[in-house]
file input-v3.txt (compact mmCIF, N, CA and C atoms)
# COMPACT_ATOMS: atom_id res chain seq x y z
N MET A 46 203.50 49.49 77.16
CA MET A 46 203.62 49.09 75.78
C MET A 46 204.34 47.73 75.74
N THR A 47 203.82 46.83 74.97
CA THR A 47 204.40 45.49 74.88
C THR A 47 205.60 45.49 73.94
N LEU A 48 206.39 44.44 74.03
CA LEU A 48 207.55 44.30 73.14
C LEU A 48 207.10 44.30 71.68
N LEU A 49 206.03 43.62 71.38
CA LEU A 49 205.52 43.57 70.01
C LEU A 49 205.13 44.96 69.51
N GLU A 50 204.50 45.75 70.37
CA GLU A 50 204.12 47.11 69.99
C GLU A 50 205.35 47.98 69.76
N ILE A 51 206.36 47.83 70.61
CA ILE A 51 207.61 48.59 70.45
C ILE A 51 208.29 48.21 69.14
N LEU A 52 208.36 46.92 68.86
CA LEU A 52 208.99 46.46 67.62
C LEU A 52 208.21 46.93 66.39
N ALA A 53 206.90 46.88 66.46
CA ALA A 53 206.07 47.32 65.33
C ALA A 53 206.25 48.82 65.09
N ARG A 54 206.24 49.59 66.16
CA ARG A 54 206.42 51.04 66.02
C ARG A 54 207.81 51.37 65.48
N GLY A 55 208.82 50.72 66.03
CA GLY A 55 210.19 50.94 65.56
C GLY A 55 210.38 50.53 64.11
N SER A 56 209.79 49.42 63.74
CA SER A 56 209.89 48.96 62.34
C SER A 56 209.21 49.95 61.39
N GLY A 57 208.08 50.48 61.82
CA GLY A 57 207.39 51.49 61.00
C GLY A 57 208.23 52.74 60.83
N ALA A 58 208.88 53.17 61.90
CA ALA A 58 209.74 54.35 61.83
C ALA A 58 210.92 54.10 60.90
N ILE A 59 211.52 52.93 61.01
CA ILE A 59 212.64 52.58 60.12
C ILE A 59 212.19 52.62 58.66
N ALA A 60 211.05 52.02 58.38
CA ALA A 60 210.54 52.01 57.00
C ALA A 60 210.26 53.42 56.51
N ALA A 61 209.70 54.26 57.36
CA ALA A 61 209.38 55.63 56.95
C ALA A 61 210.67 56.42 56.67
N TYR A 62 211.64 56.32 57.56
CA TYR A 62 212.92 57.01 57.33
C TYR A 62 213.63 56.47 56.10
N ALA A 63 213.60 55.16 55.92
CA ALA A 63 214.23 54.56 54.74
C ALA A 63 213.57 55.07 53.46
N ALA A 64 212.25 55.19 53.47
CA ALA A 64 211.54 55.69 52.29
C ALA A 64 211.95 57.12 51.98
N VAL A 65 212.01 57.97 53.00
CA VAL A 65 212.44 59.36 52.79
C VAL A 65 213.88 59.38 52.29
N GLY A 66 214.75 58.56 52.88
CA GLY A 66 216.14 58.50 52.45
C GLY A 66 216.29 58.06 51.00
N VAL A 67 215.56 57.04 50.61
CA VAL A 67 215.63 56.56 49.23
C VAL A 67 215.12 57.63 48.26
N ILE A 68 214.04 58.29 48.61
CA ILE A 68 213.51 59.36 47.75
C ILE A 68 214.55 60.47 47.60
N LEU A 69 215.21 60.85 48.69
CA LEU A 69 216.24 61.88 48.61
C LEU A 69 217.43 61.42 47.76
N LEU A 70 217.81 60.17 47.87
CA LEU A 70 218.91 59.65 47.05
C LEU A 70 218.54 59.68 45.57
N ILE A 71 217.31 59.34 45.26
CA ILE A 71 216.86 59.37 43.87
C ILE A 71 216.84 60.81 43.35
N ILE A 72 216.31 61.73 44.15
CA ILE A 72 216.30 63.15 43.75
C ILE A 72 217.73 63.63 43.53
N GLY A 73 218.62 63.30 44.46
CA GLY A 73 220.02 63.70 44.33
C GLY A 73 220.66 63.16 43.07
N PHE A 74 220.38 61.91 42.76
CA PHE A 74 220.93 61.30 41.55
C PHE A 74 220.46 62.06 40.31
N TYR A 75 219.18 62.40 40.26
CA TYR A 75 218.66 63.08 39.08
C TYR A 75 219.10 64.53 38.99
N VAL A 76 219.38 65.16 40.12
CA VAL A 76 219.95 66.51 40.07
C VAL A 76 221.34 66.46 39.48
N ILE A 77 222.14 65.46 39.88
CA ILE A 77 223.47 65.29 39.28
C ILE A 77 223.33 64.96 37.80
N ASP A 78 222.33 64.18 37.47
CA ASP A 78 222.08 63.84 36.07
C ASP A 78 221.88 65.11 35.23
N LEU A 79 221.20 66.10 35.80
CA LEU A 79 220.98 67.36 35.07
C LEU A 79 222.30 68.11 34.82
N ALA A 80 223.28 67.92 35.70
CA ALA A 80 224.55 68.63 35.57
C ALA A 80 225.54 67.92 34.66
N THR A 81 225.20 66.73 34.19
CA THR A 81 226.12 65.98 33.35
C THR A 81 225.52 65.79 31.95
N PRO A 82 226.39 65.76 30.96
CA PRO A 82 225.89 65.52 29.60
C PRO A 82 225.45 64.06 29.46
N GLY A 83 224.40 63.84 28.72
CA GLY A 83 223.90 62.48 28.53
C GLY A 83 223.13 62.02 29.75
N LYS A 84 222.66 60.80 29.68
CA LYS A 84 221.91 60.21 30.79
C LYS A 84 222.91 59.58 31.74
N LEU A 85 222.94 60.07 32.98
CA LEU A 85 223.95 59.65 33.95
C LEU A 85 224.00 58.15 34.13
N SER A 86 222.87 57.50 34.25
CA SER A 86 222.88 56.04 34.45
C SER A 86 223.54 55.34 33.27
N SER A 87 223.33 55.86 32.08
CA SER A 87 223.95 55.27 30.89
C SER A 87 225.45 55.56 30.84
N VAL A 88 225.82 56.78 31.23
CA VAL A 88 227.25 57.15 31.25
C VAL A 88 228.00 56.24 32.23
N ILE A 89 227.36 55.91 33.34
CA ILE A 89 228.00 55.04 34.33
C ILE A 89 227.95 53.58 33.88
N ARG A 90 226.77 53.12 33.48
CA ARG A 90 226.60 51.70 33.17
C ARG A 90 227.23 51.31 31.83
N THR A 91 226.97 52.07 30.80
CA THR A 91 227.42 51.70 29.46
C THR A 91 228.84 52.18 29.17
N GLU A 92 229.08 53.48 29.42
CA GLU A 92 230.41 54.04 29.13
C GLU A 92 231.41 53.74 30.24
N ARG A 93 230.89 53.34 31.42
CA ARG A 93 231.73 53.01 32.57
C ARG A 93 232.68 54.15 32.92
N ASN A 94 232.14 55.38 32.87
CA ASN A 94 232.94 56.57 33.10
C ASN A 94 233.26 56.72 34.59
N PRO A 95 234.56 56.68 34.94
CA PRO A 95 234.93 56.75 36.36
C PRO A 95 234.65 58.11 36.98
N ASN A 96 234.72 59.18 36.20
CA ASN A 96 234.48 60.52 36.74
C ASN A 96 233.01 60.68 37.13
N ALA A 97 232.12 60.26 36.24
CA ALA A 97 230.68 60.34 36.54
C ALA A 97 230.33 59.45 37.72
N THR A 98 230.94 58.28 37.78
CA THR A 98 230.66 57.35 38.88
C THR A 98 231.12 57.94 40.21
N LEU A 99 232.32 58.50 40.24
CA LEU A 99 232.84 59.08 41.48
C LEU A 99 231.99 60.27 41.93
N LEU A 100 231.60 61.12 41.01
CA LEU A 100 230.78 62.28 41.37
C LEU A 100 229.41 61.86 41.88
N ALA A 101 228.81 60.89 41.24
CA ALA A 101 227.49 60.42 41.67
C ALA A 101 227.57 59.73 43.04
N THR A 102 228.56 58.86 43.22
CA THR A 102 228.65 58.15 44.50
C THR A 102 228.98 59.08 45.66
N SER A 103 229.83 60.06 45.42
CA SER A 103 230.17 60.99 46.50
C SER A 103 228.98 61.86 46.87
N ALA A 104 228.21 62.27 45.89
CA ALA A 104 227.02 63.07 46.18
C ALA A 104 225.99 62.25 46.95
N LEU A 105 225.82 60.99 46.59
CA LEU A 105 224.87 60.13 47.30
C LEU A 105 225.36 59.83 48.72
N ALA A 106 226.66 59.67 48.90
CA ALA A 106 227.20 59.47 50.25
C ALA A 106 226.94 60.71 51.11
N ALA A 107 227.10 61.88 50.52
CA ALA A 107 226.85 63.12 51.25
C ALA A 107 225.38 63.23 51.66
N ILE A 108 224.49 62.86 50.78
CA ILE A 108 223.07 62.88 51.11
C ILE A 108 222.79 61.89 52.23
N GLY A 109 223.43 60.74 52.18
CA GLY A 109 223.29 59.75 53.24
C GLY A 109 223.73 60.29 54.59
N LEU A 110 224.81 61.06 54.62
CA LEU A 110 225.26 61.68 55.87
C LEU A 110 224.20 62.63 56.42
N ILE A 111 223.61 63.41 55.54
CA ILE A 111 222.59 64.38 55.96
C ILE A 111 221.36 63.66 56.48
N VAL A 112 220.94 62.62 55.79
CA VAL A 112 219.77 61.84 56.22
C VAL A 112 220.04 61.21 57.59
N ALA A 113 221.22 60.61 57.76
CA ALA A 113 221.55 59.98 59.03
C ALA A 113 221.58 60.99 60.17
N ALA A 114 222.16 62.16 59.94
CA ALA A 114 222.21 63.19 60.98
C ALA A 114 220.80 63.70 61.31
N SER A 115 219.97 63.82 60.30
CA SER A 115 218.60 64.28 60.53
C SER A 115 217.82 63.28 61.38
N ILE A 116 218.00 62.01 61.08
CA ILE A 116 217.32 60.98 61.87
C ILE A 116 217.83 61.00 63.30
N TRP A 117 219.14 61.07 63.46
CA TRP A 117 219.74 61.05 64.79
C TRP A 117 219.28 62.25 65.63
N SER A 118 219.16 63.42 64.98
CA SER A 118 218.79 64.63 65.73
C SER A 118 217.30 64.73 66.00
N SER A 119 216.50 63.83 65.45
CA SER A 119 215.04 63.93 65.62
C SER A 119 214.60 63.62 67.04
N GLY A 120 215.43 62.96 67.80
CA GLY A 120 215.10 62.68 69.19
C GLY A 120 213.88 61.79 69.37
N GLY A 121 213.60 60.94 68.41
CA GLY A 121 212.48 60.02 68.53
C GLY A 121 211.13 60.60 68.13
N ARG A 122 211.11 61.84 67.72
CA ARG A 122 209.85 62.46 67.27
C ARG A 122 209.70 62.18 65.78
N LEU A 123 208.91 61.18 65.45
CA LEU A 123 208.84 60.66 64.08
C LEU A 123 208.39 61.70 63.07
N ALA A 124 207.27 62.35 63.28
CA ALA A 124 206.75 63.29 62.28
C ALA A 124 207.73 64.44 62.06
N GLU A 125 208.24 65.00 63.14
CA GLU A 125 209.21 66.09 63.01
C GLU A 125 210.50 65.59 62.36
N GLY A 126 210.91 64.38 62.73
CA GLY A 126 212.12 63.81 62.15
C GLY A 126 212.01 63.57 60.66
N LEU A 127 210.87 63.06 60.23
CA LEU A 127 210.67 62.82 58.80
C LEU A 127 210.65 64.13 58.02
N ALA A 128 209.94 65.13 58.57
CA ALA A 128 209.89 66.44 57.90
C ALA A 128 211.27 67.07 57.85
N GLY A 129 211.98 67.02 58.98
CA GLY A 129 213.33 67.58 59.01
C GLY A 129 214.26 66.88 58.05
N THR A 130 214.18 65.57 58.00
CA THR A 130 215.02 64.79 57.10
C THR A 130 214.76 65.18 55.65
N ALA A 131 213.51 65.31 55.28
CA ALA A 131 213.16 65.69 53.91
C ALA A 131 213.69 67.09 53.58
N VAL A 132 213.43 68.04 54.47
CA VAL A 132 213.86 69.42 54.21
C VAL A 132 215.37 69.54 54.21
N PHE A 133 216.03 68.98 55.23
CA PHE A 133 217.49 69.10 55.30
C PHE A 133 218.16 68.35 54.15
N GLY A 134 217.58 67.24 53.74
CA GLY A 134 218.12 66.51 52.59
C GLY A 134 218.03 67.32 51.32
N LEU A 135 216.89 67.97 51.11
CA LEU A 135 216.72 68.81 49.91
C LEU A 135 217.67 70.01 49.96
N VAL A 136 217.85 70.60 51.14
CA VAL A 136 218.80 71.71 51.27
C VAL A 136 220.20 71.23 50.92
N GLY A 137 220.58 70.06 51.40
CA GLY A 137 221.89 69.50 51.08
C GLY A 137 222.08 69.29 49.59
N ILE A 138 221.06 68.82 48.91
CA ILE A 138 221.13 68.62 47.46
C ILE A 138 221.32 69.96 46.75
N VAL A 139 220.59 70.97 47.18
CA VAL A 139 220.71 72.31 46.59
C VAL A 139 222.11 72.87 46.82
N VAL A 140 222.61 72.74 48.04
CA VAL A 140 223.93 73.27 48.37
C VAL A 140 225.01 72.56 47.55
N GLN A 141 224.90 71.26 47.41
CA GLN A 141 225.87 70.52 46.59
C GLN A 141 225.84 70.99 45.15
N THR A 142 224.65 71.19 44.63
CA THR A 142 224.51 71.64 43.24
C THR A 142 225.12 73.03 43.07
N LEU A 143 224.84 73.92 44.01
CA LEU A 143 225.43 75.26 43.94
C LEU A 143 226.94 75.20 44.04
N ALA A 144 227.46 74.31 44.88
CA ALA A 144 228.92 74.17 45.00
C ALA A 144 229.53 73.69 43.69
N MET A 145 228.87 72.76 43.00
CA MET A 145 229.38 72.30 41.71
C MET A 145 229.41 73.45 40.71
N LEU A 146 228.34 74.24 40.69
CA LEU A 146 228.30 75.39 39.78
C LEU A 146 229.36 76.42 40.15
N LEU A 147 229.55 76.64 41.44
CA LEU A 147 230.55 77.59 41.91
C LEU A 147 231.95 77.14 41.54
N PHE A 148 232.25 75.85 41.75
CA PHE A 148 233.56 75.34 41.37
C PHE A 148 233.77 75.49 39.87
N ASP A 149 232.73 75.27 39.10
CA ASP A 149 232.81 75.42 37.65
C ASP A 149 233.21 76.86 37.30
N ARG A 150 232.55 77.83 37.93
CA ARG A 150 232.79 79.24 37.61
C ARG A 150 234.09 79.78 38.21
N VAL A 151 234.33 79.50 39.49
CA VAL A 151 235.45 80.11 40.19
C VAL A 151 236.75 79.35 39.94
N VAL A 152 236.70 78.04 40.08
CA VAL A 152 237.92 77.24 39.97
C VAL A 152 238.14 76.75 38.54
N GLY A 153 237.08 76.70 37.77
CA GLY A 153 237.20 76.26 36.39
C GLY A 153 237.14 74.75 36.22
N ILE A 154 236.51 74.06 37.16
CA ILE A 154 236.37 72.60 37.05
C ILE A 154 234.94 72.31 36.61
N SER A 155 234.79 71.91 35.39
CA SER A 155 233.47 71.68 34.81
C SER A 155 233.08 70.20 34.89
N VAL A 156 231.94 69.96 35.52
CA VAL A 156 231.42 68.60 35.59
C VAL A 156 231.15 68.09 34.18
N ARG A 157 230.61 68.93 33.35
CA ARG A 157 230.31 68.52 31.97
C ARG A 157 231.56 68.07 31.23
N ASP A 158 232.67 68.77 31.45
CA ASP A 158 233.93 68.37 30.81
C ASP A 158 234.49 67.10 31.44
N LEU A 159 234.38 66.98 32.76
CA LEU A 159 234.93 65.81 33.44
C LEU A 159 234.32 64.51 32.96
N VAL A 160 233.01 64.51 32.77
CA VAL A 160 232.36 63.24 32.41
C VAL A 160 232.57 62.88 30.94
N LYS A 161 233.23 63.74 30.20
CA LYS A 161 233.60 63.39 28.83
C LYS A 161 234.95 62.67 28.78
N GLU A 162 235.69 62.76 29.88
CA GLU A 162 237.02 62.14 29.95
C GLU A 162 236.89 60.66 30.32
N PRO A 163 237.56 59.77 29.59
CA PRO A 163 237.46 58.34 29.88
C PRO A 163 238.29 57.90 31.09
N GLU A 164 239.30 58.68 31.47
CA GLU A 164 240.16 58.34 32.61
C GLU A 164 239.79 59.20 33.80
N LEU A 165 239.99 58.66 35.01
CA LEU A 165 239.70 59.40 36.23
C LEU A 165 240.57 60.66 36.29
N GLN A 166 239.93 61.80 36.52
CA GLN A 166 240.61 63.09 36.51
C GLN A 166 240.76 63.65 37.93
N PRO A 167 241.82 64.43 38.17
CA PRO A 167 241.99 65.05 39.49
C PRO A 167 240.81 65.94 39.88
N GLY A 168 240.22 66.62 38.90
CA GLY A 168 239.07 67.48 39.19
C GLY A 168 237.88 66.70 39.73
N ALA A 169 237.70 65.47 39.27
CA ALA A 169 236.61 64.63 39.77
C ALA A 169 236.87 64.27 41.23
N ARG A 170 238.11 64.01 41.55
CA ARG A 170 238.46 63.71 42.94
C ARG A 170 238.18 64.91 43.83
N LEU A 171 238.56 66.10 43.37
CA LEU A 171 238.33 67.32 44.13
C LEU A 171 236.83 67.55 44.35
N LEU A 172 236.05 67.43 43.31
CA LEU A 172 234.60 67.63 43.45
C LEU A 172 233.97 66.55 44.33
N ALA A 173 234.48 65.34 44.25
CA ALA A 173 233.94 64.27 45.09
C ALA A 173 234.18 64.57 46.57
N VAL A 174 235.38 65.01 46.90
CA VAL A 174 235.66 65.38 48.29
C VAL A 174 234.81 66.57 48.70
N THR A 175 234.60 67.50 47.79
CA THR A 175 233.74 68.65 48.07
C THR A 175 232.32 68.20 48.39
N HIS A 176 231.80 67.25 47.63
CA HIS A 176 230.46 66.70 47.90
C HIS A 176 230.37 66.16 49.32
N VAL A 177 231.34 65.31 49.66
CA VAL A 177 231.31 64.68 50.98
C VAL A 177 231.48 65.72 52.08
N ALA A 178 232.37 66.70 51.87
CA ALA A 178 232.58 67.75 52.87
C ALA A 178 231.31 68.57 53.06
N ILE A 179 230.63 68.92 51.99
CA ILE A 179 229.38 69.68 52.11
C ILE A 179 228.33 68.84 52.82
N GLY A 180 228.27 67.56 52.50
CA GLY A 180 227.35 66.68 53.20
C GLY A 180 227.64 66.61 54.68
N LEU A 181 228.92 66.52 55.05
CA LEU A 181 229.31 66.46 56.44
C LEU A 181 229.00 67.77 57.16
N ILE A 182 229.31 68.89 56.51
CA ILE A 182 229.02 70.20 57.09
C ILE A 182 227.51 70.35 57.32
N THR A 183 226.73 69.98 56.33
CA THR A 183 225.27 70.07 56.45
C THR A 183 224.77 69.14 57.54
N ALA A 184 225.33 67.93 57.60
CA ALA A 184 224.91 66.96 58.62
C ALA A 184 225.20 67.48 60.02
N VAL A 185 226.37 68.04 60.22
CA VAL A 185 226.71 68.57 61.54
C VAL A 185 225.83 69.77 61.88
N ALA A 186 225.50 70.58 60.89
CA ALA A 186 224.61 71.73 61.11
C ALA A 186 223.22 71.26 61.55
N VAL A 187 222.80 70.13 61.05
CA VAL A 187 221.49 69.56 61.42
C VAL A 187 221.50 69.16 62.89
N ILE A 188 222.62 68.61 63.33
CA ILE A 188 222.72 68.13 64.71
C ILE A 188 222.78 69.33 65.63

call {"tool": "encode", "arguments": {"input": "input-v3.txt", "output": "structure tokens"}}
result
Amino acid sequence: MTLLEILARGSGAIAAYAAVGVILLIIGFYVIDLATPGKLSSVIRTERNPNATLLATSALAAIGLIVAASIWSSGGRLAEGLAGTAVFGLVGIVVQTLAMLLFDRVVGISVRDLVKEPELQPGARLLAVTHVAIGLITAVAVI
């Protein structure tokens, strides 16, 4: 295989993984949007709500961890790696969503209430760390 062929194949793999990663990030964003009152992009952009911003960014970082671990664990098998990345990413999004609902019920920290607050709240920090921890746990499970 020539250098040009190796570069072309590698570039194609990067583009394919990036596409799957971006799709998962978009799905994750809209799942969080369902858990928050109002349109999340508007709450972040217009209202500049720090709680909504922290929750969204931490969830997206967690998804990024899962995507990166899925790619790393694929061992160079592109088709299997892409499928695994998509499935494991979706599982991570579901687990994060369930954790938010569980924290709401068990601990009493409501995402809906948090994003109504104009100042950064301790509960948003706790949920943000929970997002990243779940992403890390899921990522390590993938490996």

call {"tool": "closest_residue", "arguments": {"input": "input-v3.txt", "among": "A:Leu70, A:Leu48, A:Leu79, A:Leu100", "to": "Gln166 in chain A", "atoms": "only C-alpha atoms"}}
result
A:Leu100

call {"tool": "closest_residue", "arguments": {"input": "input-v3.txt", "among": "A:Leu123, A:Val76, A:Pro167, A:Lys84", "to": "Val139 in chain A", "atoms": "only C-alpha atoms"}}
result
A:Val76

call {"tool": "atom_distance", "arguments": {"input": "input-v3.txt", "atom1": "CA of Gly180 in chain A", "atom2": "atom C of Ala106 in chain A"}}
result
6.3 Å

call {"tool": "residues_around", "arguments": {"input": "input-v3.txt", "residues": "Ala124 in chain A", "least_positions_apart": "5", "cutoff": "10 Å", "atoms": "only C-alpha atoms", "output": "list in words"}}
result
Ala58, Ala61, Ser119, Gly129 and Thr130 of chain A

call {"tool": "axis_aligned_box", "arguments": {"input": "input-v3.txt", "around": "range 105-115 of chain A", "padding_each_side": "4 Å", "output": "AutoDock Vina command-line options"}}
result
--center_x 222.5 --center_y 61.9 --center_z 54.0 --size_x 17.4 --size_y 12.9 --size_z 22.8

call {"tool": "closest_residue", "arguments": {"input": "input-v3.txt", "among": "A:Ile188, A:Ala178, A:Val132, A:Leu165", "to": "Trp117 in chain A", "atoms": "all atoms listed in the file"}}
result
A:Ile188

call {"tool": "atom_distance", "arguments": {"input": "input-v3.txt", "atom1": "CA of Leu110 in chain A", "atom2": "atom C of Ala80 in chain A"}}
result
22.1 Å

call {"tool": "atom_distance", "arguments": {"input": "input-v3.txt", "atom1": "atom C of Glu164 in chain A", "atom2": "atom N of Ala101 in chain A"}}
result
13.4 Å

call {"tool": "select_by_dssp", "arguments": {"input": "input-v3.txt", "residues": "chain A", "states": "helix (DSSP H, G or I)", "output": "PyMOL selection string"}}
result
chain A and resi 48-80+85-90+95-118+123-152+156-159+167-187

call {"tool": "residues_around", "arguments": {"input": "input-v3.txt", "residues": "Ser115 in chain A", "least_positions_apart": "3", "cutoff": "10 Å", "atoms": "only C-alpha atoms", "output": "ChimeraX atom specification"}}
result
/A:62,109-112,118-120,125-134,183-188

call {"tool": "closest_residue", "arguments": {"input": "input-v3.txt", "among": "A:Thr142, A:Ser87, A:Thr102, A:Ser155", "to": "Ala173 in chain A", "atoms": "only N, CA and C atoms"}}
result
A:Thr102

call {"tool": "residues_around", "arguments": {"input": "input-v3.txt", "residues": "Pro163 in chain A", "least_positions_apart": "2", "cutoff": "8 Å", "atoms": "all atoms listed in the file", "output": "MDAnalysis selection string"}}
result
chainID A and resid 92:96 159:161 165:166

call {"tool": "closest_residue", "arguments": {"input": "input-v3.txt", "among": "A:Ile59, A:Ile108, A:Ile179, A:Ala97", "to": "Thr81 in chain A", "atoms": "only N, CA and C atoms"}}
result
A:Ala97

call {"tool": "residues_around", "arguments": {"input": "input-v3.txt", "residues": "range 147-154 of chain A", "least_positions_apart": "4", "cutoff": "10 Å", "atoms": "only C-alpha atoms", "output": "MDAnalysis selection string"}}
result
chainID A and resid 141:143 158:159 167:169 171:172 175

call {"tool": "closest_residue", "arguments": {"input": "input-v3.txt", "among": "A:Arg90, A:Met46, A:Ile138, A:Asp78", "to": "Ala107 in chain A", "atoms": "only N, CA and C atoms"}}
result
A:Ile138
